[in-house]
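As provided, query39.tsv (TSV, C-alpha atoms and all ligand atoms) reads as follows.
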```tsv
chain	number	residue	atom	x	y	z
A	14	MET	CA	52.97	-31.81	-37.06
A	15	ALA	CA	49.27	-31.97	-36.31
A	16	VAL	CA	47.71	-29.56	-33.86
A	17	ARG	CA	44.60	-30.66	-31.99
A	18	VAL	CA	42.12	-28.01	-30.81
A	19	THR	CA	39.52	-29.08	-28.23
A	20	TRP	CA	36.73	-26.75	-27.12
A	21	TYR	CA	35.95	-26.72	-23.39
A	22	GLY	CA	32.96	-24.42	-23.90
A	23	HIS	CA	32.81	-20.61	-23.72
A	24	ALA	CA	36.29	-19.23	-24.63
A	25	ALA	CA	38.20	-22.20	-23.17
A	26	PHE	CA	40.31	-24.37	-25.46
A	27	LEU	CA	42.97	-27.02	-25.07
A	28	ILE	CA	45.50	-26.94	-27.88
A	29	GLU	CA	47.82	-29.92	-28.15
A	30	SER	CA	50.90	-29.35	-30.24
A	31	ASP	CA	54.06	-31.43	-30.40
A	32	GLY	CA	53.38	-33.02	-27.02
A	33	LYS	CA	52.65	-29.71	-25.27
A	34	ARG	CA	49.24	-28.95	-23.77
A	35	ILE	CA	48.28	-25.31	-24.10
A	36	LEU	CA	45.18	-24.31	-22.14
A	37	ILE	CA	43.40	-21.04	-22.98
A	38	ASP	CA	40.98	-19.19	-20.66
A	39	PRO	CA	40.11	-22.26	-18.53
A	40	PHE	CA	36.69	-21.29	-17.16
A	41	LEU	CA	35.43	-24.71	-16.03
A	42	SER	CA	33.98	-24.50	-12.49
A	43	GLY	CA	30.68	-22.66	-12.80
A	44	ASN	CA	30.68	-23.08	-16.57
A	45	PRO	CA	27.41	-24.94	-17.27
A	46	VAL	CA	28.73	-26.39	-20.56
A	47	ALA	CA	32.26	-27.38	-19.47
A	48	PRO	CA	32.96	-30.99	-20.52
A	49	VAL	CA	35.80	-31.49	-18.00
A	50	LYS	CA	36.45	-30.73	-14.34
A	51	ALA	CA	39.13	-28.24	-13.40
A	52	GLU	CA	40.79	-30.89	-11.18
A	53	GLU	CA	41.19	-33.24	-14.16
A	54	VAL	CA	42.71	-30.83	-16.65
A	55	GLN	CA	46.37	-31.16	-17.54
A	56	ALA	CA	48.41	-28.29	-18.92
A	57	ASP	CA	51.98	-27.30	-19.68
A	58	VAL	CA	51.05	-23.73	-20.55
A	59	ILE	CA	48.06	-21.54	-19.61
A	60	LEU	CA	47.21	-18.49	-21.71
A	61	ILE	CA	44.84	-15.84	-20.34
A	62	THR	CA	43.30	-13.24	-22.67
A	63	HIS	CA	41.91	-10.89	-20.00
A	64	GLY	CA	41.00	-10.62	-16.35
A	65	HIS	CA	37.27	-11.43	-16.34
A	66	ALA	CA	36.19	-14.36	-14.20
A	67	ASP	CA	34.80	-16.28	-17.19
A	68	HIS	CA	38.35	-16.32	-18.65
A	69	VAL	CA	40.71	-16.49	-15.65
A	70	GLY	CA	38.35	-19.21	-14.43
A	71	ASP	CA	40.22	-22.01	-12.65
A	72	ALA	CA	43.65	-20.95	-13.91
A	73	VAL	CA	45.14	-20.23	-10.46
A	74	ASP	CA	44.24	-23.70	-9.15
A	75	ILE	CA	45.30	-25.46	-12.36
A	76	ALA	CA	48.62	-23.57	-12.43
A	77	ARG	CA	49.32	-24.42	-8.78
A	78	ARG	CA	48.52	-28.11	-9.31
A	79	THR	CA	50.30	-28.61	-12.65
A	80	GLY	CA	53.10	-26.05	-12.45
A	81	ALA	CA	52.09	-24.86	-15.94
A	82	LEU	CA	53.63	-21.65	-17.24
A	83	VAL	CA	51.05	-18.83	-17.18
A	84	ILE	CA	51.37	-16.31	-19.99
A	85	SER	CA	49.27	-13.15	-20.04
A	86	ASN	CA	49.65	-9.39	-19.98
A	87	TYR	CA	51.93	-7.84	-17.36
A	88	GLU	CA	49.14	-6.92	-14.94
A	89	ILE	CA	47.52	-10.35	-15.02
A	90	ALA	CA	50.87	-12.18	-14.84
A	91	SER	CA	51.71	-10.11	-11.73
A	92	TRP	CA	48.29	-10.93	-10.24
A	93	PHE	CA	49.00	-14.66	-10.67
A	94	GLN	CA	52.30	-14.15	-8.82
A	95	SER	CA	50.40	-12.44	-6.02
A	96	LYS	CA	48.25	-15.60	-5.79
A	97	GLY	CA	51.34	-17.77	-5.35
A	98	VAL	CA	51.84	-18.82	-8.97
A	99	GLN	CA	55.54	-18.27	-9.63
A	100	ASN	CA	55.87	-19.74	-13.13
A	101	VAL	CA	54.55	-16.79	-15.13
A	102	HIS	CA	55.65	-14.86	-18.18
A	103	PRO	CA	54.36	-11.34	-18.85
A	104	LEU	CA	53.82	-10.07	-22.38
A	105	HIS	CA	51.94	-7.05	-23.60
A	106	ILE	CA	49.94	-6.03	-26.62
A	107	GLY	CA	52.01	-6.03	-29.79
A	108	GLY	CA	54.72	-8.05	-28.10
A	109	GLY	CA	55.47	-11.68	-28.74
A	110	ARG	CA	58.03	-14.23	-27.64
A	111	ASP	CA	59.33	-17.60	-28.78
A	112	PHE	CA	58.75	-20.28	-26.16
A	113	ASP	CA	59.72	-23.95	-26.35
A	114	PHE	CA	56.20	-24.83	-27.59
A	115	GLY	CA	55.93	-21.99	-30.14
A	116	ARG	CA	55.45	-18.25	-30.38
A	117	VAL	CA	52.78	-16.24	-28.56
A	118	LYS	CA	51.90	-12.66	-29.43
A	119	LEU	CA	49.28	-10.51	-27.73
A	120	THR	CA	46.94	-8.62	-30.05
A	121	PRO	CA	44.47	-5.84	-29.25
A	122	ALA	CA	40.92	-6.53	-28.11
A	123	LEU	CA	38.12	-4.06	-27.45
A	124	HIS	CA	36.78	-5.05	-24.06
A	125	GLY	CA	37.44	-4.74	-20.29
A	126	SER	CA	39.81	-6.70	-18.06
A	127	VAL	CA	39.15	-6.25	-14.31
A	128	LEU	CA	40.25	-9.33	-12.33
A	129	PRO	CA	37.83	-11.40	-10.20
A	130	ASP	CA	38.92	-9.73	-6.93
A	131	GLY	CA	38.65	-6.23	-8.41
A	132	ALA	CA	42.38	-5.86	-9.21
A	133	TYR	CA	43.37	-3.98	-12.35
A	134	GLY	CA	43.87	-6.37	-15.24
A	135	GLY	CA	45.44	-4.04	-17.80
A	136	ASN	CA	44.14	-4.03	-21.35
A	137	PRO	CA	42.37	-7.11	-22.72
A	138	ALA	CA	44.09	-9.04	-25.48
A	139	GLY	CA	43.71	-11.59	-28.22
A	140	LEU	CA	46.31	-14.29	-28.86
A	141	LEU	CA	48.28	-15.08	-31.98
A	142	LEU	CA	49.88	-18.51	-31.72
A	143	TYR	CA	52.55	-19.81	-34.06
A	144	LEU	CA	52.77	-23.56	-33.53
A	145	GLY	CA	55.10	-25.15	-36.06
A	146	LYS	CA	53.64	-24.17	-39.44
A	147	HIS	CA	50.21	-23.43	-37.95
A	148	ARG	CA	48.90	-19.96	-37.10
A	149	ILE	CA	45.98	-19.70	-34.75
A	150	TYR	CA	44.18	-16.54	-33.58
A	151	HIS	CA	42.07	-16.58	-30.40
A	152	ALA	CA	40.27	-13.24	-30.42
A	153	GLY	CA	39.52	-13.20	-26.68
A	154	ASP	CA	36.47	-11.12	-25.84
A	155	THR	CA	36.26	-8.28	-28.32
A	156	GLY	CA	34.12	-6.10	-30.45
A	157	LEU	CA	34.83	-5.80	-34.15
A	158	PHE	CA	37.81	-3.63	-35.10
A	159	GLY	CA	39.33	-2.78	-38.47
A	160	ASP	CA	42.86	-3.81	-37.53
A	161	MET	CA	41.71	-7.43	-37.67
A	162	LYS	CA	42.81	-6.99	-41.27
A	163	LEU	CA	46.43	-6.66	-40.03
A	164	ILE	CA	46.05	-9.80	-37.93
A	165	GLY	CA	44.68	-11.55	-41.02
A	166	ALA	CA	47.83	-10.56	-42.93
A	167	GLU	CA	49.58	-13.25	-40.84
A	168	LYS	CA	47.75	-15.84	-42.99
A	169	LEU	CA	45.75	-17.57	-40.30
A	170	ASP	CA	45.04	-21.27	-40.45
A	171	LEU	CA	42.39	-20.99	-37.75
A	172	ALA	CA	40.48	-18.20	-36.00
A	173	LEU	CA	38.53	-18.68	-32.78
A	174	LEU	CA	35.89	-15.95	-32.73
A	175	PRO	CA	33.17	-14.91	-30.26
A	176	ILE	CA	29.67	-14.78	-31.75
A	177	GLY	CA	27.59	-14.49	-28.58
A	178	ASP	CA	26.69	-10.79	-28.79
A	179	ASN	CA	25.92	-8.68	-25.67
A	180	PHE	CA	29.50	-8.78	-24.26
A	181	THR	CA	31.39	-9.38	-27.53
A	182	MET	CA	30.86	-9.42	-31.26
A	183	GLY	CA	27.53	-10.90	-32.27
A	184	PRO	CA	26.91	-12.99	-35.37
A	185	GLU	CA	26.75	-10.02	-37.75
A	186	ASP	CA	30.04	-8.47	-36.62
A	187	ALA	CA	31.70	-11.88	-36.45
A	188	LEU	CA	30.92	-12.25	-40.17
A	189	GLN	CA	32.69	-8.94	-40.78
A	190	ALA	CA	35.59	-10.20	-38.66
A	191	VAL	CA	35.90	-13.28	-40.85
A	192	ARG	CA	35.99	-11.08	-43.95
A	193	LEU	CA	38.86	-9.05	-42.43
A	194	LEU	CA	40.80	-11.98	-40.97
A	195	LYS	CA	40.41	-14.32	-43.96
A	196	PRO	CA	41.36	-17.45	-42.00
A	197	LYS	CA	41.32	-20.86	-43.65
A	198	ALA	CA	39.07	-22.12	-40.88
A	199	VAL	CA	36.99	-20.59	-38.10
A	200	ILE	CA	35.47	-21.96	-34.89
A	201	PRO	CA	32.77	-19.85	-33.18
A	202	MET	CA	32.97	-19.49	-29.37
A	203	HIS	CA	31.60	-17.47	-26.43
A	204	TYR	CA	27.95	-18.44	-27.07
A	205	ASN	CA	25.29	-20.64	-25.41
A	206	THR	CA	27.04	-20.63	-22.05
A	207	TRP	CA	24.07	-18.68	-20.71
A	208	ASP	CA	20.78	-17.44	-22.19
A	209	LEU	CA	22.23	-13.94	-22.46
A	210	ILE	CA	24.57	-15.10	-25.23
A	211	ARG	CA	22.27	-17.64	-26.89
A	212	GLN	CA	23.00	-18.08	-30.63
A	213	ASP	CA	22.50	-20.66	-33.36
A	214	PRO	CA	26.07	-21.59	-34.38
A	215	HIS	CA	24.89	-23.68	-37.33
A	216	ALA	CA	22.94	-20.76	-38.79
A	217	TRP	CA	26.06	-18.62	-38.34
A	218	ALA	CA	28.18	-21.30	-39.99
A	219	ARG	CA	25.94	-21.29	-43.08
A	220	ARG	CA	26.15	-17.50	-43.33
A	221	ALA	CA	29.93	-17.50	-42.85
A	222	ARG	CA	30.41	-20.14	-45.57
A	223	ALA	CA	28.29	-18.03	-47.92
A	224	ALA	CA	30.19	-14.84	-46.98
A	225	VAL	CA	33.72	-16.14	-47.55
A	226	LYS	CA	34.40	-18.53	-50.40
A	227	GLY	CA	36.30	-21.65	-49.35
A	228	LEU	CA	36.08	-20.88	-45.62
A	229	LYS	CA	35.90	-23.93	-43.39
A	230	VAL	CA	33.51	-23.34	-40.47
A	231	ILE	CA	33.70	-25.85	-37.66
A	232	VAL	CA	30.96	-25.92	-35.03
A	233	LEU	CA	32.30	-27.88	-32.07
A	234	GLU	CA	30.33	-29.37	-29.22
A	235	PRO	CA	31.99	-28.78	-25.83
A	236	GLY	CA	34.56	-31.56	-25.49
A	237	SER	CA	34.96	-32.17	-29.21
A	238	SER	CA	38.06	-31.42	-31.26
A	239	PHE	CA	39.30	-30.19	-34.60
A	240	GLU	CA	42.68	-31.17	-36.01
A	241	LEU	CA	44.93	-28.90	-38.06
A	242	LYS	CA	47.15	-31.04	-40.27
B	301	NI	NI	35.26	-10.60	-20.77
B	302	MN	MN	33.82	-13.37	-21.56
```
When written as structure tokens, how does the structure in this file appear?
Ligand code: NI
Ligand code: MN
Amino acid sequence: MAVRVTWYGHAAFLIESDGKRILIDPFLSGNPVAPVKAEEVQADVILITHGHADHVGDAVDIARRTGALVISNYEIASWFQSKGVQNVHPLHIGGGRDFDFGRVKLTPALHGSVLPDGAYGGNPAGLLLYLGKHRIYHAGDTGLFGDMKLIGAEKLDLALLPIGDNFTMGPEDALQAVRLLKPKAVIPMHYNTWDLIRQDPHAWARRARAAVKGLKVIVLEPGSSFELK
């Protein structure tokens, strides 16, 4: 079963697995590099790492239009309900659940999580996805932390890691993250959306390949995809 991972810019990804469309952190309106419009996106499931506007993005509108199941932490899932989105499932950090499309587990992230209207968004999270035989880690917005080593013990096929600096790990710490996580492949994210998080992903890719033997580093353009076979 192949899994297709498409980058929508920033921390937004569409993951297609076994006919299910899993949308992560769909920040599209107001995202200068988004390759698709929020009104055009299809989804069966929406995963939200934390409450910040550049991650919740268009999720309320997309969930209302598509009826997609929204999975996030308890506070954010409740907030979606308060916005009229009834199809939600709350998880919390360290907890996972088997859904019809695969397993989702929330992992720690070092960051904030206030929601766009000022509501409390609980603790920010990363996502561990088990899709068939494939294991994918979306780090969310986070600084470097040593327990990434424990996440890496899951034998990751793919890690999606922020490299933008300022709000999250920068290039240097993202290299350390790769050493702890030891994924087979990595895709950098959360950079070049704005000048504040400007980075050279190709320079980072060269350094990451040199740092971890055999590591596959994929630099996507917004709208392009990588396939896990
Ligand atoms: Ni954030
Ligand atoms: Mn962010």
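For the set A:Leu241, A:Val83, A:Ile28, A:Ala138, the residue with the smallest atom-to-atom gap to Asp170 of chain A is A:Leu241, counting only C-alpha atoms.
Near (44.3, -20.5, -8.2), the residues that fall inside 12 Å on the basis of all atoms listed in the file are Pro39, Phe40, Ser42, Ala51, Glu52, Ala66, Val69, Gly70, Asp71, Ala72, Val73, Asp74, Ile75, Ala76, Arg77, Arg78, Thr79, Gly80, Ala81, Val83, Trp92, Phe93, Gln94, Ser95, Lys96, Gly97, Val98, Gln99 and Pro129 of chain A.
Here the question is which of A:Phe158, A:Phe26, A:Tyr87, A:Phe239 gets nearest to Ile106 of chain A using only C-alpha atoms, and that residue is A:Tyr87.
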Pull the closest atom pair for each residue of chain A that gets at most 8 Å from ligand MN 302 (chain B), along with the distance in Å to one decimal, counting all atoms listed in the file, ordering rows by chain and then ascending residue number, as a Markdown table.
```
| residue | atom | partner | partner_atom | distance |
| --- | --- | --- | --- | --- |
| A:His23 | CA | B:MN302 | MN | 7.6 |
| A:Ala24 | CA | B:MN302 | MN | 7.1 |
| A:His65 | CA | B:MN302 | MN | 6.6 |
| A:Ala66 | CA | B:MN302 | MN | 7.8 |
| A:Asp67 | CA | B:MN302 | MN | 5.3 |
| A:His68 | CA | B:MN302 | MN | 6.1 |
| A:Gly153 | CA | B:MN302 | MN | 7.7 |
| A:Asp154 | CA | B:MN302 | MN | 5.5 |
| A:Phe180 | CA | B:MN302 | MN | 6.9 |
| A:Thr181 | CA | B:MN302 | MN | 7.6 |
| A:His203 | CA | B:MN302 | MN | 6.7 |
```
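Distance-wise, atom CA of His63 of chain A and atom CA of Ala221 of chain A end up 26.6 Å apart.
The smallest atom-to-atom distance between Thr206 of chain A and any of A:Ile176, A:Leu36, A:Leu188, A:Val54, using only C-alpha atoms, is found for A:Ile176.
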